[in-house]
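The data block below is work.cif; it holds mmCIF, C-alpha atoms.
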data_start
#
loop_
_atom_site.label_atom_id
_atom_site.label_comp_id
_atom_site.auth_asym_id
_atom_site.auth_seq_id
_atom_site.Cartn_x
_atom_site.Cartn_y
_atom_site.Cartn_z
CA MET A 28 81.99 -75.02 -28.10
CA PRO A 29 81.26 -71.54 -29.56
CA ILE A 30 77.88 -70.91 -31.19
CA LYS A 31 77.26 -68.54 -34.10
CA ILE A 32 73.87 -66.82 -34.21
CA ILE A 33 72.33 -66.07 -37.61
CA THR A 34 68.98 -64.38 -38.27
CA ASP A 35 67.22 -62.66 -41.14
CA SER A 36 66.55 -58.99 -41.79
CA GLY A 37 62.93 -59.41 -40.72
CA SER A 38 64.28 -59.32 -37.17
CA ASP A 39 65.08 -55.58 -37.21
CA LEU A 40 67.93 -56.40 -34.84
CA PRO A 41 69.73 -53.17 -33.78
CA LEU A 42 73.22 -52.72 -35.17
CA GLU A 43 74.70 -52.55 -31.68
CA TYR A 44 73.62 -56.15 -31.05
CA VAL A 45 74.90 -57.28 -34.43
CA GLU A 46 78.30 -55.84 -33.60
CA LYS A 47 78.43 -56.76 -29.91
CA TYR A 48 77.58 -60.43 -30.41
CA GLY A 49 78.75 -60.98 -33.97
CA VAL A 50 75.27 -61.86 -35.22
CA THR A 51 75.05 -62.48 -38.96
CA ILE A 52 72.06 -61.10 -40.88
CA VAL A 53 70.73 -62.78 -44.02
CA HIS A 54 68.89 -60.10 -45.98
CA LEU A 55 65.53 -60.55 -47.66
CA PRO A 56 65.55 -58.95 -51.12
CA VAL A 57 63.46 -55.78 -51.40
CA HIS A 58 62.58 -54.38 -54.83
CA PHE A 59 61.20 -51.05 -55.96
CA GLY A 60 59.78 -52.15 -59.29
CA ASP A 61 62.67 -53.81 -61.09
CA GLU A 62 65.28 -52.13 -58.87
CA LEU A 63 66.87 -54.23 -56.12
CA MET A 64 67.42 -52.12 -53.03
CA PRO A 65 71.03 -52.31 -51.77
CA GLU A 66 71.35 -54.21 -48.49
CA ASN A 67 73.13 -51.29 -46.84
CA THR A 68 70.32 -48.79 -47.55
CA SER A 69 69.57 -46.83 -44.38
CA THR A 70 66.09 -46.95 -42.90
CA THR A 71 65.78 -43.19 -43.45
CA ASP A 72 66.54 -43.54 -47.16
CA PHE A 73 64.20 -46.51 -47.45
CA TYR A 74 61.20 -44.69 -45.98
CA ALA A 75 61.90 -41.60 -48.08
CA LYS A 76 62.00 -43.73 -51.21
CA MET A 77 58.84 -45.60 -50.24
CA VAL A 78 56.90 -42.37 -49.64
CA ASN A 79 57.88 -41.09 -53.07
CA SER A 80 57.21 -44.37 -54.86
CA LYS A 81 53.89 -44.86 -56.70
CA GLU A 82 53.80 -48.55 -55.76
CA LEU A 83 54.81 -50.43 -52.65
CA PRO A 84 58.16 -52.17 -52.69
CA THR A 85 58.01 -55.94 -52.82
CA THR A 86 59.80 -58.40 -50.58
CA ALA A 87 60.93 -61.98 -51.14
CA SER A 88 62.59 -64.70 -49.12
CA PRO A 89 66.36 -65.12 -49.35
CA SER A 90 67.59 -67.90 -51.60
CA PRO A 91 69.01 -71.06 -50.00
CA GLN A 92 72.33 -70.00 -51.50
CA SER A 93 72.27 -66.80 -49.40
CA PHE A 94 72.07 -68.87 -46.23
CA LEU A 95 74.59 -71.42 -47.50
CA GLU A 96 77.18 -68.73 -48.12
CA LYS A 97 76.79 -67.46 -44.54
CA PHE A 98 77.07 -71.02 -43.18
CA LYS A 99 80.32 -71.57 -45.07
CA GLU A 100 81.82 -68.40 -43.57
CA VAL A 101 81.59 -69.85 -40.05
CA GLU A 102 84.88 -71.35 -38.94
CA ALA A 103 85.14 -75.07 -38.29
CA GLY A 104 84.30 -76.10 -34.73
CA THR A 105 81.60 -73.45 -34.28
CA ASP A 106 77.98 -74.59 -34.08
CA ILE A 107 75.38 -72.50 -35.93
CA MET A 108 71.95 -71.48 -34.70
CA VAL A 109 69.62 -69.82 -37.20
CA ILE A 110 66.55 -68.05 -35.79
CA CYS A 111 64.08 -67.13 -38.53
CA MET A 112 61.00 -64.97 -38.79
CA SER A 113 57.65 -66.74 -38.62
CA SER A 114 57.18 -69.45 -41.24
CA ASN A 115 53.53 -68.40 -41.44
CA ILE A 116 54.34 -65.03 -42.99
CA SER A 117 57.53 -65.87 -44.91
CA SER A 118 59.23 -68.89 -46.47
CA THR A 119 62.60 -67.78 -45.03
CA TYR A 120 62.56 -70.65 -42.53
CA GLN A 121 61.99 -73.17 -45.33
CA THR A 122 64.86 -71.80 -47.41
CA ALA A 123 67.16 -71.94 -44.38
CA MET A 124 66.23 -75.62 -43.97
CA ILE A 125 67.12 -76.28 -47.61
CA ALA A 126 70.45 -74.52 -47.12
CA LYS A 127 71.14 -76.70 -44.07
CA GLU A 128 70.65 -79.83 -46.18
CA MET A 129 72.95 -78.44 -48.87
CA TYR A 130 75.59 -77.60 -46.26
CA GLU A 131 75.48 -81.09 -44.77
CA GLU A 132 75.53 -82.77 -48.19
CA GLU A 133 78.72 -80.87 -49.03
CA GLY A 134 80.34 -82.41 -45.96
CA PHE A 135 80.77 -79.39 -43.71
CA PRO A 136 81.19 -80.43 -40.06
CA ASN A 137 79.48 -77.68 -38.05
CA ALA A 138 76.16 -78.59 -36.46
CA ILE A 139 73.22 -76.37 -37.48
CA GLU A 140 69.91 -75.74 -35.74
CA ILE A 141 67.17 -73.88 -37.64
CA ILE A 142 64.48 -72.40 -35.39
CA ASP A 143 61.13 -70.95 -36.46
CA SER A 144 60.62 -68.08 -34.02
CA LYS A 145 56.91 -67.63 -34.86
CA ARG A 146 57.68 -63.93 -34.46
CA PHE A 147 59.08 -61.05 -36.52
CA SER A 148 60.43 -57.53 -36.04
CA GLY A 149 60.49 -56.64 -32.31
CA GLY A 150 59.48 -60.13 -31.18
CA LEU A 151 62.24 -61.71 -33.22
CA SER A 152 64.82 -59.07 -32.27
CA LEU A 153 64.13 -59.75 -28.58
CA ILE A 154 64.55 -63.50 -29.08
CA VAL A 155 67.73 -63.11 -31.14
CA ALA A 156 69.26 -60.62 -28.70
CA THR A 157 68.56 -63.00 -25.82
CA ALA A 158 69.97 -65.97 -27.74
CA ALA A 159 73.12 -64.05 -28.63
CA ARG A 160 73.71 -63.13 -25.00
CA LEU A 161 73.02 -66.66 -23.73
CA SER A 162 75.27 -68.19 -26.40
CA LEU A 163 78.29 -66.78 -24.60
CA THR A 164 77.67 -68.77 -21.41
CA CYS A 165 75.60 -71.85 -22.29
CA SER A 166 77.33 -75.23 -22.30
CA SER A 167 75.94 -76.66 -25.53
CA MET A 168 73.76 -76.09 -28.57
CA ALA A 169 71.08 -78.30 -27.00
CA GLU A 170 71.00 -76.13 -23.88
CA LEU A 171 70.78 -72.93 -25.92
CA LYS A 172 68.03 -74.37 -28.12
CA GLU A 173 65.91 -75.22 -25.09
CA MET A 174 66.37 -71.71 -23.67
CA VAL A 175 65.49 -70.12 -27.02
CA LEU A 176 62.35 -72.26 -27.40
CA THR A 177 61.31 -71.22 -23.89
CA GLN A 178 61.89 -67.58 -24.81
CA ILE A 179 59.73 -68.01 -27.92
CA ARG A 180 56.88 -69.50 -25.91
CA GLU A 181 57.05 -66.66 -23.38
CA THR A 182 57.43 -63.72 -25.80
CA THR A 183 54.35 -61.63 -26.49
CA ALA A 184 54.34 -58.98 -29.22
CA TYR A 185 51.85 -56.20 -29.94
CA PHE A 186 51.91 -53.33 -32.41
CA THR A 187 49.73 -50.59 -33.83
CA LEU A 188 49.98 -48.70 -37.11
CA ASP A 189 49.31 -45.07 -37.88
CA THR A 190 48.23 -45.92 -41.42
CA LEU A 191 46.61 -49.04 -42.84
CA GLU A 192 47.45 -48.14 -46.43
CA ASN A 193 50.52 -50.34 -46.74
CA VAL A 194 49.11 -53.34 -44.91
CA ILE A 195 46.03 -53.20 -47.18
CA LYS A 196 48.08 -52.86 -50.38
CA GLY A 197 50.37 -55.64 -49.21
CA GLY A 198 47.42 -58.00 -48.82
CA ARG A 199 47.81 -58.37 -45.04
CA LEU A 200 44.39 -56.85 -44.30
CA ASN A 201 41.01 -57.01 -46.00
CA ARG A 202 40.78 -54.03 -48.34
CA LEU A 203 37.16 -53.10 -47.59
CA SER A 204 37.41 -53.32 -43.80
CA GLY A 205 40.74 -51.52 -43.94
CA ALA A 206 39.29 -48.71 -46.03
CA VAL A 207 36.38 -48.27 -43.62
CA ALA A 208 38.79 -48.21 -40.67
CA SER A 209 40.91 -45.55 -42.35
CA VAL A 210 37.93 -43.27 -43.03
CA LEU A 211 36.74 -43.53 -39.42
CA ASN A 212 40.29 -43.00 -38.01
CA ILE A 213 40.11 -46.44 -36.44
CA LYS A 214 43.45 -47.83 -35.31
CA LEU A 215 44.02 -51.51 -34.81
CA LEU A 216 45.87 -53.05 -31.89
CA LEU A 217 47.50 -56.10 -33.41
CA LYS A 218 49.15 -59.12 -31.87
CA ILE A 219 51.48 -61.80 -33.21
CA SER A 220 49.72 -65.04 -32.36
CA ASP A 221 51.37 -68.20 -31.05
CA GLU A 222 51.21 -69.49 -34.63
CA GLY A 223 53.14 -66.48 -35.87
CA ILE A 224 50.39 -64.67 -37.72
CA VAL A 225 48.88 -61.21 -37.22
CA GLU A 226 45.56 -61.00 -35.42
CA VAL A 227 43.42 -58.01 -34.49
CA VAL A 228 43.01 -57.61 -30.73
CA GLU A 229 41.16 -54.30 -30.45
CA LYS A 230 39.87 -51.40 -32.53
CA THR A 231 40.15 -47.86 -31.19
CA ARG A 232 39.52 -44.32 -32.39
CA GLY A 233 42.82 -42.53 -32.92
CA LEU A 234 46.46 -43.44 -32.41
CA PRO A 235 46.85 -42.08 -28.82
CA LYS A 236 44.12 -44.40 -27.55
CA ALA A 237 45.60 -47.34 -29.47
CA LEU A 238 48.98 -46.69 -27.86
CA ASN A 239 47.38 -46.49 -24.42
CA HIS A 240 45.79 -49.89 -24.99
CA LEU A 241 49.11 -51.26 -26.22
CA LEU A 242 50.92 -50.08 -23.08
CA ALA A 243 48.16 -51.50 -20.89
CA LYS A 244 49.11 -54.96 -22.15
CA LEU A 245 52.34 -54.73 -20.14
CA ASP A 246 50.30 -54.42 -16.95
CA GLU A 247 48.81 -57.87 -17.59
CA LYS A 248 52.16 -59.62 -17.17
CA SER A 249 54.54 -59.82 -14.20
CA PHE A 250 58.27 -59.28 -14.74
CA ASP A 251 61.54 -59.89 -12.96
CA TYR A 252 62.98 -56.50 -13.86
CA GLU A 253 66.51 -57.53 -12.86
CA LYS A 254 66.51 -59.97 -15.78
CA ALA A 255 63.63 -59.01 -18.08
CA ALA A 256 64.09 -57.33 -21.45
CA ILE A 257 61.69 -55.57 -23.80
CA ALA A 258 61.93 -54.72 -27.47
CA ILE A 259 60.54 -51.48 -28.90
CA VAL A 260 60.38 -50.98 -32.65
CA HIS A 261 59.12 -48.10 -34.75
CA SER A 262 58.63 -47.39 -38.42
CA ASN A 263 60.39 -44.08 -38.97
CA CYS A 264 58.88 -42.35 -35.91
CA GLU A 265 61.74 -42.34 -33.43
CA LYS A 266 60.48 -39.36 -31.42
CA LEU A 267 57.19 -41.13 -30.69
CA ALA A 268 59.01 -44.39 -29.93
CA LEU A 269 61.26 -42.63 -27.42
CA GLU A 270 58.18 -41.17 -25.73
CA ILE A 271 56.71 -44.67 -25.51
CA LYS A 272 60.00 -45.94 -24.10
CA GLY A 273 59.87 -43.27 -21.40
CA ARG A 274 56.29 -44.13 -20.50
CA ILE A 275 57.16 -47.81 -20.25
CA LEU A 276 60.17 -47.23 -18.00
CA GLU A 277 58.11 -45.08 -15.61
CA LYS A 278 56.10 -48.18 -14.66
CA HIS A 279 58.28 -51.05 -15.82
CA PRO A 280 62.03 -50.63 -15.17
CA PHE A 281 63.30 -53.27 -17.57
CA LYS A 282 67.00 -54.04 -17.29
CA GLU A 283 67.44 -54.22 -21.06
CA ILE A 284 65.66 -52.45 -23.93
CA VAL A 285 66.19 -53.59 -27.51
CA PHE A 286 65.31 -50.41 -29.43
CA SER A 287 65.25 -50.27 -33.21
CA SER A 288 63.65 -48.94 -36.35
CA MET A 289 61.77 -51.34 -38.61
CA GLY A 290 63.85 -52.03 -41.68
CA SER A 291 62.70 -52.36 -45.25
CA VAL A 292 61.08 -55.80 -44.84
CA MET A 293 58.70 -54.95 -42.01
CA GLY A 294 58.49 -51.28 -42.96
CA THR A 295 57.06 -52.21 -46.35
CA TYR A 296 53.92 -53.50 -44.66
CA ALA A 297 53.81 -51.25 -41.58
CA GLY A 298 54.18 -47.93 -43.34
CA GLU A 299 55.39 -44.92 -41.40
CA GLY A 300 54.25 -44.25 -37.84
CA GLY A 301 54.01 -47.81 -36.51
CA ILE A 302 54.98 -48.77 -32.95
CA GLY A 303 55.56 -52.28 -31.64
CA VAL A 304 56.60 -53.80 -28.33
CA ALA A 305 57.63 -57.33 -27.46
CA PHE A 306 58.17 -58.65 -23.94
#
Would you mind giving the structure from this file in structure tokens?
Amino acid sequence: MPIKIITDSGSDLPLEYVEKYGVTIVHLPVHFGDELMPENTSTTDFYAKMVNSKELPTTASPSPQSFLEKFKEVEAGTDIMVICMSSNISSTYQTAMIAKEMYEEEGFPNAIEIIDSKRFSGGLSLIVATAARLSLTCSSMAELKEMVLTQIRETTAYFTLDTLENVIKGGRLNRLSGAVASVLNIKLLLKISDEGIVEVVEKTRGLPKALNHLLAKLDEKSFDYEKAAIAIVHSNCEKLALEIKGRILEKHPFKEIVFSSMGSVMGTYAGEGGIGVAF
């Protein structure tokens, strides 16, 4: 039985994967003041608008109706797997669960699985890309779910930011400690924990050293390069991200690289110049 993969825009899934595997994206609303940003806004336009805006954009979870509409578009006889960003940073997972109940109450026949990835951005894009690929060959929804849950348990994600301004304004980091770090040019190496929240791993002076520490994390894990994949995400700094990609491949010849720019949801908090890897 075919399986439809659905995720949210917090995944930063590259367009090539959306098109190749027919993945559906449910968009989180992003507002600049009272203005709702169009879903098809390019990442370039988003960052330009954010830089010129006096206040940070705001994000919200999709409505259950947004998920329900996507569920109803799936043809009968196709199971649906929804892989959401961490429930500990967004209520997107909860709204997807509500939509599932609404879908079932209306009598639609397709089976739906809602999975909390405990990840976001690169970590989630890696999980979704893997799920989409596996969905073409797995024998059942139950088999795919078990493989996806295994992928979630095994996926590690790190990132570092060039500026702490957005993450402080967005309430994701203590304002005082963040201000001190900014003055001293301290960069934070951050990790997405097993619970799906952001935790500080290390503090370094300057972005180059932070990136070196980030890349060193790959050396702590062994890989089967014939099968292994890695995700690399950046917040409007593609040149730097491509340099990081090259440095990674020199030591770690991954078979697949999921490369993307952080969209408006993650970019709101990361600001420009952020780099993340998930493996």
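One distance worth recording is that between atom CA of Pro280 of chain A and atom CA of Ser148 of chain A, which is 22.0 Å.
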Evaluate the PyMOL selection byres ((chain A and resi 161-171) around 12) and record the selected residues as a ChimeraX atom specification, following the chain and residue labels used in the document.
/A:28-33,47-50,105-110,137-142,154-160,172-178
Once the PyMOL selection byres ((chain A and resi 288-298) around 6) is applied to the coordinates I shared, what remains selected? I want it as a PyMOL selection string.
chain A and resi 37+39+70+193-194+260-262+287+299
Residue nearest Asn239 of chain A - candidates A:Ile271, A:Met124, A:Ala256, A:Ile213, atoms counted: only C-alpha atoms:
A:Ile271
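Take the candidates A:Thr183, A:Ser80, A:Thr71, A:Ser249 and check each one against Phe59 of chain A using only C-alpha atoms; the shortest distance goes to A:Ser80.
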Can I get a file of segment 277-292 of chain A from the given structure, all heavy atoms kept, as an mmCIF file, in the first residue's frame?
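So the final result, stored in decode.cif, reads:
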data_model
loop_
_atom_site.group_PDB
_atom_site.id
_atom_site.type_symbol
_atom_site.label_atom_id
_atom_site.label_comp_id
_atom_site.auth_asym_id
_atom_site.auth_seq_id
_atom_site.Cartn_x
_atom_site.Cartn_y
_atom_site.Cartn_z
ATOM 1 N N GLU A 277 35.666 15.850 2.736
ATOM 2 C CA GLU A 277 37.084 15.488 2.727
ATOM 3 C C GLU A 277 37.381 14.344 3.693
ATOM 4 O O GLU A 277 38.229 13.487 3.431
ATOM 5 C CB GLU A 277 37.935 16.710 3.109
ATOM 6 C CG GLU A 277 38.065 17.741 2.000
ATOM 7 C CD GLU A 277 38.855 18.960 2.456
ATOM 8 O OE1 GLU A 277 39.336 18.955 3.626
ATOM 9 O OE2 GLU A 277 38.993 19.907 1.676
ATOM 10 N N LYS A 278 36.657 14.316 4.816
ATOM 11 C CA LYS A 278 36.888 13.295 5.844
ATOM 12 C C LYS A 278 35.772 12.266 5.912
ATOM 13 O O LYS A 278 36.001 11.126 6.324
ATOM 14 C CB LYS A 278 37.029 13.968 7.217
ATOM 15 C CG LYS A 278 38.243 14.842 7.367
ATOM 16 C CD LYS A 278 38.320 15.429 8.777
ATOM 17 C CE LYS A 278 38.600 14.348 9.809
ATOM 18 N NZ LYS A 278 38.770 14.929 11.174
ATOM 19 N N HIS A 279 34.574 12.671 5.501
ATOM 20 C CA HIS A 279 33.403 11.808 5.673
ATOM 21 C C HIS A 279 32.612 11.752 4.356
ATOM 22 O O HIS A 279 31.745 12.591 4.114
ATOM 23 C CB HIS A 279 32.501 12.342 6.793
ATOM 24 C CG HIS A 279 33.205 12.519 8.106
ATOM 25 N ND1 HIS A 279 33.467 11.459 8.957
ATOM 26 C CD2 HIS A 279 33.713 13.627 8.711
ATOM 27 C CE1 HIS A 279 34.084 11.915 10.028
ATOM 28 N NE2 HIS A 279 34.257 13.217 9.904
ATOM 29 N N PRO A 280 32.914 10.773 3.511
ATOM 30 C CA PRO A 280 32.268 10.705 2.188
ATOM 31 C C PRO A 280 30.841 10.143 2.238
ATOM 32 O O PRO A 280 30.575 9.032 1.784
ATOM 33 C CB PRO A 280 33.209 9.790 1.406
ATOM 34 C CG PRO A 280 33.794 8.879 2.451
ATOM 35 C CD PRO A 280 33.951 9.733 3.681
ATOM 36 N N PHE A 281 29.932 10.934 2.786
ATOM 37 C CA PHE A 281 28.542 10.496 2.870
ATOM 38 C C PHE A 281 27.962 10.262 1.480
ATOM 39 O O PHE A 281 28.245 11.017 0.541
ATOM 40 C CB PHE A 281 27.699 11.559 3.582
ATOM 41 C CG PHE A 281 27.946 11.655 5.058
ATOM 42 C CD1 PHE A 281 28.819 12.606 5.576
ATOM 43 C CD2 PHE A 281 27.314 10.788 5.941
ATOM 44 C CE1 PHE A 281 29.056 12.701 6.933
ATOM 45 C CE2 PHE A 281 27.552 10.876 7.308
ATOM 46 C CZ PHE A 281 28.414 11.832 7.808
ATOM 47 N N LYS A 282 27.136 9.233 1.376
ATOM 48 C CA LYS A 282 26.500 8.930 0.095
ATOM 49 C C LYS A 282 25.478 9.991 -0.289
ATOM 50 O O LYS A 282 25.309 10.313 -1.469
ATOM 51 C CB LYS A 282 25.819 7.551 0.172
ATOM 52 C CG LYS A 282 25.147 7.131 -1.124
ATOM 53 C CD LYS A 282 24.503 5.760 -0.986
ATOM 54 C CE LYS A 282 23.833 5.340 -2.292
ATOM 55 N NZ LYS A 282 23.192 4.002 -2.177
ATOM 56 N N GLU A 283 24.791 10.530 0.709
ATOM 57 C CA GLU A 283 23.710 11.479 0.447
ATOM 58 C C GLU A 283 23.863 12.706 1.353
ATOM 59 O O GLU A 283 24.140 12.577 2.540
ATOM 60 C CB GLU A 283 22.355 10.817 0.710
ATOM 61 C CG GLU A 283 21.153 11.702 0.448
ATOM 62 C CD GLU A 283 19.834 10.975 0.693
ATOM 63 O OE1 GLU A 283 19.863 9.826 1.179
ATOM 64 O OE2 GLU A 283 18.783 11.565 0.397
ATOM 65 N N ILE A 284 23.680 13.891 0.763
ATOM 66 C CA ILE A 284 23.710 15.130 1.530
ATOM 67 C C ILE A 284 22.413 15.894 1.275
ATOM 68 O O ILE A 284 22.091 16.222 0.133
ATOM 69 C CB ILE A 284 24.918 16.003 1.157
ATOM 70 C CG1 ILE A 284 26.215 15.275 1.514
ATOM 71 C CG2 ILE A 284 24.855 17.349 1.874
ATOM 72 C CD1 ILE A 284 27.464 16.038 1.184
ATOM 73 N N VAL A 285 21.683 16.140 2.343
ATOM 74 C CA VAL A 285 20.441 16.920 2.271
ATOM 75 C C VAL A 285 20.824 18.361 2.599
ATOM 76 O O VAL A 285 21.060 18.705 3.751
ATOM 77 C CB VAL A 285 19.388 16.390 3.262
ATOM 78 C CG1 VAL A 285 18.072 17.150 3.106
ATOM 79 C CG2 VAL A 285 19.166 14.893 3.065
ATOM 80 N N PHE A 286 20.907 19.201 1.577
ATOM 81 C CA PHE A 286 21.454 20.552 1.712
ATOM 82 C C PHE A 286 20.348 21.578 1.505
ATOM 83 O O PHE A 286 19.664 21.561 0.486
ATOM 84 C CB PHE A 286 22.557 20.755 0.671
ATOM 85 C CG PHE A 286 23.308 22.053 0.796
ATOM 86 C CD1 PHE A 286 24.466 22.138 1.556
ATOM 87 C CD2 PHE A 286 22.866 23.190 0.142
ATOM 88 C CE1 PHE A 286 25.173 23.329 1.665
ATOM 89 C CE2 PHE A 286 23.556 24.388 0.241
ATOM 90 C CZ PHE A 286 24.719 24.458 1.010
ATOM 91 N N SER A 287 20.168 22.464 2.478
ATOM 92 C CA SER A 287 19.078 23.441 2.330
ATOM 93 C C SER A 287 19.327 24.709 3.124
ATOM 94 O O SER A 287 20.187 24.758 4.008
ATOM 95 C CB SER A 287 17.744 22.819 2.769
ATOM 96 O OG SER A 287 17.762 22.507 4.148
ATOM 97 N N SER A 288 18.552 25.715 2.795
ATOM 98 C CA SER A 288 18.560 26.973 3.530
ATOM 99 C C SER A 288 17.407 26.960 4.531
ATOM 100 O O SER A 288 16.314 26.485 4.226
ATOM 101 C CB SER A 288 18.389 28.161 2.572
ATOM 102 O OG SER A 288 18.296 29.373 3.284
ATOM 103 N N MET A 289 17.677 27.454 5.744
ATOM 104 C CA MET A 289 16.595 27.557 6.727
ATOM 105 C C MET A 289 15.528 28.501 6.197
ATOM 106 O O MET A 289 15.821 29.604 5.745
ATOM 107 C CB MET A 289 17.120 28.117 8.053
ATOM 108 C CG MET A 289 18.060 27.194 8.805
ATOM 109 S SD MET A 289 18.542 27.949 10.385
ATOM 110 C CE MET A 289 20.010 26.973 10.769
ATOM 111 N N GLY A 290 14.289 28.049 6.271
ATOM 112 C CA GLY A 290 13.179 28.878 5.837
ATOM 113 C C GLY A 290 12.795 29.892 6.890
ATOM 114 O O GLY A 290 13.513 30.143 7.862
ATOM 115 N N SER A 291 11.615 30.474 6.725
ATOM 116 C CA SER A 291 11.196 31.576 7.579
ATOM 117 C C SER A 291 10.968 31.162 9.022
ATOM 118 O O SER A 291 11.176 31.955 9.943
ATOM 119 C CB SER A 291 9.915 32.205 7.012
ATOM 120 O OG SER A 291 8.901 31.228 6.852
ATOM 121 N N VAL A 292 10.545 29.914 9.260
ATOM 122 C CA VAL A 292 10.254 29.476 10.631
ATOM 123 C C VAL A 292 11.536 29.408 11.452
ATOM 124 O O VAL A 292 11.683 30.056 12.487
ATOM 125 C CB VAL A 292 9.538 28.113 10.631
ATOM 126 C CG1 VAL A 292 9.306 27.635 12.061
ATOM 127 C CG2 VAL A 292 8.210 28.219 9.898
#
